[in-house]
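Q: Sharing a structure, written as structure tokens. Questions coming.
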Amino acid sequence: MKTISVLGVFVADLCFIANAIPEKGQTILGSQHIIGPGGKGSNQAIAAAKLNGSVNFITKIGKDKNGEMALTLYNELGMNTASIIQDEKHSTGVAGIMVNEKTGDNAINIVPGAAGTLINDDIDKNLNFIEKAQIFLTQLETPYDVTRYALTKAKENKLTTILNPAPASKINDEDFKLIDFFTPNETESEFYLNKKIESEKDIKSASEQFLKKGIKNVVITLGEKGCFFANEKESFFTNAFQLKDPVLDTTGAGDAFNGALAVGLSKDLDIKESLKFANKVAAISTIKLGAADSMPSLEDLNNY
């Protein structure tokens with residue numbers, strides 16, 4: 001199995017659960033408060049590790065309780081933590097998450113902390129982890145210049161690159177060609193193409209526009225509708241996995257999908273099988289509360 005190198009952010013998730021998400025100026029009484037591991041990069045690395053992927057995670061955390069929580073969890077999952085930088089000057093990042101317990105919808109505010117201070121030199125110091133890997137997965141929570149630099153290094157070393165463009169923010173036109181797999185959801189696709197994406201026709205046309213930018217493979221995730229794949233040779237919809245349990249919390253479902261896609265590719269599954277696998281993992285992650293805590297293991301998948 002191929003090794004997956006993940007670059008991203010770890011934050012401690014402070015999760016507030018209630019029967020609604022408060023509006024501007026509103027105070028509501030909640031039912032539950034959970035503190036757990038989060039951050040897109042960390043969630044994706046954990047998702048891949050729980051599926052028995054061979055994972056190293058490049059990030060920066062503080063020397064504090066939240067940082068210790070991250071390292072303890074990664075060690076328990078057998079992840080390679082030698083690429084994690086501990087910074088005494090900055091605290092570990094945090095995220096405030098409001099969850100509507102009736103619908104599973106969420107609203108999130110992220111403070112990246114130490115991970116927001118990553119620089120190119122940090123990538124150079126951990127270059128051996130990228131060089132030894134075959135798949136590189138990243139998002140847009142780390143500083144853009146660092147993300148682009150790492151993607152460039154991954155391509156120089158002939159890795160398959162996956163960019164999950166979340167949170168959606170500007171990508172330089174020339175950087176699209178560094179991306180082998182681009183995995184936006186509908187909202188992120190709308191951000192990059194500056195137009196509404198509602199119908200199947202819109203989705204197909206959006207993927208064509210992304211391919212024209214130089215991306216090799218486009219995967220638009222569509223929540224409960226599954227996902228759409230396109231490259232120069234083929235395009236198709238993959239249905240969502242049908243759950244037998246109610247959706248409790250969609251936080252981290254996209255991260256579950258990306259981590260699982262990386263594992264599918266690392267096992268040399270063909271694209272249809274990889275997407276089916278990723279859809280199943282993402283769906284099962286929504287029947288538990290939390291992000292990293294809800295990532296299913298291979299055992300969970302087999303038993304479902």
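Ordering of the structure tokens sets the chain letters (A, B, ...), residue numbers begin anew at 1 in every chain, and ligands are numbered from 1 in the order given.
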Would you mind listing what lies within 8 Å of Lys267 (chain A) as a CSV table (one decimal) with N, CA and C atoms, in the first residue's frame, with only C-alpha atoms counted and same-chain residues fewer than 4 positions away left out?
A:
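Writing done, so here's out_1.csv:
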```
chain,number,residue,atom,x,y,z
A,1,MET,N,0.8,-1.2,0.0
A,1,MET,CA,0.0,0.0,0.0
A,1,MET,C,0.9,1.3,0.0
A,2,LYS,N,0.4,2.3,-0.8
A,2,LYS,CA,1.2,3.5,-0.9
A,2,LYS,C,1.0,4.4,0.3
A,263,VAL,N,-7.1,6.9,0.7
A,263,VAL,CA,-6.8,5.4,1.0
A,263,VAL,C,-7.2,4.6,-0.2
```
Q: Give one line per residue of region 179-290 of chain A that approaches region 150-174 of chain A to at most 12 Å, naming the two atoms of the closest pair and their distance in Å to one decimal, counting only C-alpha atoms; sort by chain then ascending residue number and deliver it as a tab-separated table.
A:
```
residue	atom	partner	partner_atom	distance
A:Ile179	CA	A:Thr161	CA	5.6
A:Asp180	CA	A:Thr161	CA	5.1
A:Phe181	CA	A:Ile162	CA	4.6
A:Phe182	CA	A:Leu163	CA	5.1
A:Thr183	CA	A:Asn164	CA	4.9
A:Pro184	CA	A:Pro165	CA	5.7
A:Asn185	CA	A:Pro165	CA	8.6
A:Glu186	CA	A:Ala168	CA	10.9
A:Thr187	CA	A:Ala168	CA	8.5
A:Glu188	CA	A:Ala168	CA	5.5
A:Ser189	CA	A:Ala168	CA	8.5
A:Glu190	CA	A:Ala168	CA	9.5
A:Phe191	CA	A:Ala168	CA	6.8
A:Tyr192	CA	A:Lys170	CA	7.7
A:Leu193	CA	A:Lys170	CA	11.1
A:Asn194	CA	A:Lys170	CA	11.8
A:Phe210	CA	A:Asp173	CA	10.7
A:Lys212	CA	A:Asp173	CA	10.8
A:Lys213	CA	A:Asp173	CA	7.1
A:Gly214	CA	A:Glu174	CA	8.4
A:Ile215	CA	A:Leu163	CA	10.1
A:Lys216	CA	A:Thr161	CA	9.9
A:Asn217	CA	A:Ile162	CA	9.3
A:Val218	CA	A:Ile162	CA	9.9
A:Val219	CA	A:Asn164	CA	9.6
A:Ile220	CA	A:Asn164	CA	10.1
A:Thr221	CA	A:Asn164	CA	10.4
A:Gly252	CA	A:Ala166	CA	11.6
A:Gly254	CA	A:Asn164	CA	8.8
A:Asp255	CA	A:Asn164	CA	8.6
A:Ala256	CA	A:Asn164	CA	11.5
A:Phe257	CA	A:Asn164	CA	10.1
A:Asn258	CA	A:Asn164	CA	7.3
A:Gly259	CA	A:Ile162	CA	9.9
A:Ala260	CA	A:Ile162	CA	11.7
A:Leu261	CA	A:Ile162	CA	9.0
A:Ala262	CA	A:Ile162	CA	7.7
A:Val263	CA	A:Ile162	CA	11.5
A:Leu265	CA	A:Thr160	CA	8.8
A:Ser266	CA	A:Thr160	CA	9.5
A:Asp268	CA	A:Thr160	CA	11.6
```
Q: Keeping only C-alpha atoms, write the selected residues as a PDB file, in the first residue's frame.
A:
```
ATOM      1  CA  ILE A 179      -3.725  19.223  -8.801  1.00  0.00           C
ATOM      2  CA  ASP A 180      -4.438  15.615  -9.801  1.00  0.00           C
ATOM      3  CA  PHE A 181      -7.698  15.342  -7.826  1.00  0.00           C
ATOM      4  CA  PHE A 182      -9.751  18.449  -6.976  1.00  0.00           C
ATOM      5  CA  THR A 183     -12.577  17.766  -4.488  1.00  0.00           C
ATOM      6  CA  PRO A 184     -14.860  20.796  -3.950  1.00  0.00           C
ATOM      7  CA  ASN A 185     -18.425  20.533  -2.686  1.00  0.00           C
ATOM      8  CA  GLU A 186     -21.219  22.461  -4.453  1.00  0.00           C
ATOM      9  CA  THR A 187     -20.689  25.659  -2.432  1.00  0.00           C
ATOM     10  CA  GLU A 188     -16.927  25.629  -3.035  1.00  0.00           C
ATOM     11  CA  SER A 189     -17.504  24.986  -6.768  1.00  0.00           C
ATOM     12  CA  GLU A 190     -19.806  28.022  -6.876  1.00  0.00           C
ATOM     13  CA  PHE A 191     -17.081  30.129  -5.227  1.00  0.00           C
ATOM     14  CA  TYR A 192     -14.465  29.236  -7.887  1.00  0.00           C
ATOM     15  CA  LEU A 193     -16.769  29.555 -10.884  1.00  0.00           C
ATOM     16  CA  ASN A 194     -18.814  32.483  -9.532  1.00  0.00           C
ATOM     17  CA  PHE A 210     -12.368  22.967 -13.780  1.00  0.00           C
ATOM     18  CA  LYS A 212     -10.031  23.523 -18.575  1.00  0.00           C
ATOM     19  CA  LYS A 213      -8.036  25.108 -15.721  1.00  0.00           C
ATOM     20  CA  GLY A 214      -5.555  22.209 -15.916  1.00  0.00           C
ATOM     21  CA  ILE A 215      -6.869  19.955 -13.130  1.00  0.00           C
ATOM     22  CA  LYS A 216      -6.600  16.251 -14.106  1.00  0.00           C
ATOM     23  CA  ASN A 217      -9.595  14.807 -12.190  1.00  0.00           C
ATOM     24  CA  VAL A 218     -12.567  16.643 -10.679  1.00  0.00           C
ATOM     25  CA  VAL A 219     -14.714  15.193  -7.892  1.00  0.00           C
ATOM     26  CA  ILE A 220     -17.641  17.439  -6.903  1.00  0.00           C
ATOM     27  CA  THR A 221     -19.132  16.162  -3.639  1.00  0.00           C
ATOM     28  CA  GLY A 252     -16.324  16.206   9.061  1.00  0.00           C
ATOM     29  CA  GLY A 254     -16.179  15.958   3.635  1.00  0.00           C
ATOM     30  CA  ASP A 255     -12.984  15.164   5.539  1.00  0.00           C
ATOM     31  CA  ALA A 256     -14.040  11.514   5.863  1.00  0.00           C
ATOM     32  CA  PHE A 257     -14.602  11.476   2.087  1.00  0.00           C
ATOM     33  CA  ASN A 258     -11.157  12.957   1.290  1.00  0.00           C
ATOM     34  CA  GLY A 259      -9.277  10.703   3.718  1.00  0.00           C
ATOM     35  CA  ALA A 260     -11.066   7.661   2.296  1.00  0.00           C
ATOM     36  CA  LEU A 261     -10.421   8.742  -1.308  1.00  0.00           C
ATOM     37  CA  ALA A 262      -6.687   8.959  -0.500  1.00  0.00           C
ATOM     38  CA  VAL A 263      -6.811   5.435   0.990  1.00  0.00           C
ATOM     39  CA  LEU A 265      -6.064   5.504  -4.353  1.00  0.00           C
ATOM     40  CA  SER A 266      -3.272   4.226  -2.071  1.00  0.00           C
ATOM     41  CA  ASP A 268      -4.779   1.129  -6.269  1.00  0.00           C
TER      42      ASP A 268
END
```
Q: Could you name the residues that touch region 68-70 of chain A at 8 Å or less, counting only C-alpha atoms, but leaving out those on the same chain fewer than 4 positions away, as a list in words?
A: Phe10, Pro37, Lys63, Asp64 and Tyr74 of chain A
Q: Using backbone DSSP assignments, extract all alpha helix (DSSP H) residues from region 178-289 of chain A; output them as a ChimeraX atom specification.
A: /A:186-193,200-212,253-266,271-285
Q: With only C-alpha atoms as the atoms that count, which of A:Leu211, A:Val6, A:Val281, A:Ala12 lies nearest to Ala240 (chain A)?
A: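 The answer is A:Val281, which sits nearest to Ala240 (chain A).
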Q: Extract, using only C-alpha atoms, all DNA, RNA and protein residues at most 8 Å from Leu275 (chain A), discarding same-chain residues fewer than 6 positions from it, and format them as a ChimeraX atom specification.
A: /A:227,238,261,264
Q: Write the residues of the selection above to a file with C-alpha atoms, as a PDB file, in the first residue's frame.
A:
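Final output, selection-v5.pdb:
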```
ATOM      1  CA  CYS A 227     -20.636  12.868  -5.979  1.00  0.00           C
ATOM      2  CA  THR A 238     -21.856   8.014  -7.942  1.00  0.00           C
ATOM      3  CA  LEU A 261     -10.421   8.742  -1.308  1.00  0.00           C
ATOM      4  CA  GLY A 264      -8.716   4.080  -2.021  1.00  0.00           C
TER       5      GLY A 264
END
```
Q: Could you make a table, as a Markdown table, of the residues of region 17-88 of chain A that have an atom within 7 Å of an atom of region 109-121 of chain A, each with its nearest atom pair and distance in Å to one decimal, counting only C-alpha atoms, in chain and number order?
A:
```
| residue | atom | partner | partner_atom | distance |
| --- | --- | --- | --- | --- |
| A:Thr59 | CA | A:Ala115 | CA | 6.1 |
| A:Lys60 | CA | A:Ala115 | CA | 4.6 |
| A:Ile61 | CA | A:Ala114 | CA | 5.2 |
| A:Gly62 | CA | A:Ala114 | CA | 5.9 |
| A:Asp87 | CA | A:Ala114 | CA | 6.7 |
```
Q: Can you list, as number ranges by chain, every protein, DNA or RNA residue that comes within 7 Å of Gly41 (chain A) when you count only C-alpha atoms, leaving out same-chain residues fewer than 4 positions away?
A: A: 6-10, 45, 138-139
Q: Any chance you could list, as a VMD selection string, the residues in region 229-277 of chain A that come up strand (DSSP E) when DSSP is run on the backbone?
A: chain A and resid 229 to 230 235 to 238
Q: Excluding same-chain residues fewer than 2 positions from Tyr304 (chain A), what lies within 12 Å of it counting only C-alpha atoms, as a list in words?
A: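 Within the cut-off, the hits are Phe241, Gln242, Leu243, Lys244, Asp245, Lys280, Val281, Ala283, Ile284, Ser285, Ile287, Pro296, Ser297, Leu298, Glu299, Asp300, Leu301 and Asn302 of chain A.
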